[in-house]
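Working notes, beginning with the structure itself.
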Amino acid sequence: GAVVSQHPSRVICKSGTSVKIECRSLDFQATTMFWYRQFPKQSLMLMATSNEGSKATYEQGVEKDKFLINHASLTLSTLTVTSAHPEDSSFYICSPTLAGVPDTQYFGPGTRLTVL
Amino acid sequence: AQSVTQLGSHVSVSEGALVLLRCNYSSSVPPYLFWYVQYPNQGLQLLLKYTTGATLVKGINGFEAEFKKSETSFHLTKPSAHMSDAAEYFCAVIPGNRDDKIIFGKGTRLHILP
């Protein structure tokens, strides 16, 4: 399978600060990037979908001004949690894929965000 | 709406016993179906997938699943459980309309009893 990296793997921050999470697809060009959030003992919930060079499409209930997604290149996407609060503490997982080839969806190792 | 249902949020089996994790889906047309495994604080690892062709799909670590259209099911099995199989398992579907959004089930925690 493809190699996907996320950085950082864990981050602890104070309430009100912003945190940037990077996702890199190391051996293929991801035309589409999915970002998921997973709360403890729950399933993955899709937050947003972004296509390289375009604005992200957010799922209902996800604040686009709070979760800023940048997909500037085919190998890098970032998720910035702005003005983080304790309720944003979660496991964030990116998933790069090739548009139109849905069974090529790969998943990053995840980033554990803890907001104090 | 498309959905995925995993029966049983927790399943316990003895080491060496058969593993059966159930998954049913709803889709108006044949979907793509997946099983993923997640170990604590890690991302998802693909176990196996069904897209087209043979309905019995073999995956990694001795797991397999069978797509049964008549039952809208894609149950995951392994003949003999190993302690290292203890993890969270997610069934997932990409609906037949191919909008590329993968829909996950709620997950089943597999416990292996010594």
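Letters A, B, ... mark the chains of the structure tokens in the order given; residue numbers begin at 1 per chain; ligand numbers begin at 1, in order shown.
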
Each residue of chain B with at least one atom at most 7 Å from chain A should appear once, together with its nearest atom pair and the corresponding distance in Å (one decimal); atoms considered: only C-alpha atoms; ordering: chain, then increasing residue number; output as JSON lines.
```
{"residue": "B:Gln42", "atom": "CA", "partner": "A:Pro109", "partner_atom": "CA", "distance": 5.3}
{"residue": "B:Gly43", "atom": "CA", "partner": "A:Pro109", "partner_atom": "CA", "distance": 3.9}
{"residue": "B:Leu44", "atom": "CA", "partner": "A:Phe107", "partner_atom": "CA", "distance": 6.0}
{"residue": "B:Asp100", "atom": "CA", "partner": "A:Pro102", "partner_atom": "CA", "distance": 5.1}
{"residue": "B:Phe104", "atom": "CA", "partner": "A:Leu44", "partner_atom": "CA", "distance": 6.6}
{"residue": "B:Gly105", "atom": "CA", "partner": "A:Ser43", "partner_atom": "CA", "distance": 6.7}
{"residue": "B:Lys106", "atom": "CA", "partner": "A:Ser43", "partner_atom": "CA", "distance": 4.8}
{"residue": "B:Gly107", "atom": "CA", "partner": "A:Ser43", "partner_atom": "CA", "distance": 6.1}
```

*DSSP on the backbone: what in chain B comes out strand (DSSP E or B), as a PyMOL selection string?*
chain B and resi 3-7+10-14+19-26+32-38+44-50+56-58+64-68+73-78+87-94+103-104+108-113

*asked:* DSSP on the backbone, helix (DSSP H, G or I) only: what residues of chain A does that give? Format it as a PyMOL selection string.
replied: chain A and resi 86-88+102-104

*Separation of CA of Cys23 (chain B) from CA of Leu113 (chain B) in Å*: 22.3 Å

_Straight-line distance linking CA of Ile102 (chain B) with CA of Val19 (chain A), stated in Å to one decimal_ =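 Separating CA of Ile102 (chain B) from CA of Val19 (chain A) is a distance of 26.1 Å.
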
_Residues within 9 Å of Trp35 (chain B), only C-alpha atoms, excluding chain neighbours under 3 positions, as a list of chain:residue names_ = B:Gln45, B:Leu46, B:Leu47, B:Leu48, B:Lys49, B:Ala65, B:Phe74, B:Leu76, B:Tyr89, B:Phe90, B:Cys91, B:Ala92, B:Val93

_Give me the residues near Lys78 (chain B) as a PyMOL selection string, where near means some atom within 6 Å (using only C-alpha atoms) and where sequence neighbours in that chain fewer than 3 positions away do not count._
chain B and resi 18-19+63

Expected file contents, prior selection, N, CA, C and O atoms, as a PDB file, in the first residue's frame:
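For reference, out-v6.pdb as written:
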```pdb
ATOM      1  N   LEU B  18     -12.926 -19.545  16.005  1.00  0.00           N
ATOM      2  CA  LEU B  18     -13.335 -18.816  14.811  1.00  0.00           C
ATOM      3  C   LEU B  18     -13.688 -17.372  15.159  1.00  0.00           C
ATOM      4  O   LEU B  18     -14.369 -17.095  16.150  1.00  0.00           O
ATOM      5  N   VAL B  19     -13.236 -16.469  14.302  1.00  0.00           N
ATOM      6  CA  VAL B  19     -13.619 -15.064  14.422  1.00  0.00           C
ATOM      7  C   VAL B  19     -14.670 -14.760  13.369  1.00  0.00           C
ATOM      8  O   VAL B  19     -14.497 -15.102  12.191  1.00  0.00           O
ATOM      9  N   PHE B  63      -7.366 -13.250   7.345  1.00  0.00           N
ATOM     10  CA  PHE B  63      -8.772 -12.847   7.306  1.00  0.00           C
ATOM     11  C   PHE B  63      -9.347 -13.001   5.898  1.00  0.00           C
ATOM     12  O   PHE B  63      -8.626 -12.882   4.911  1.00  0.00           O
TER      13      PHE B  63
END
```
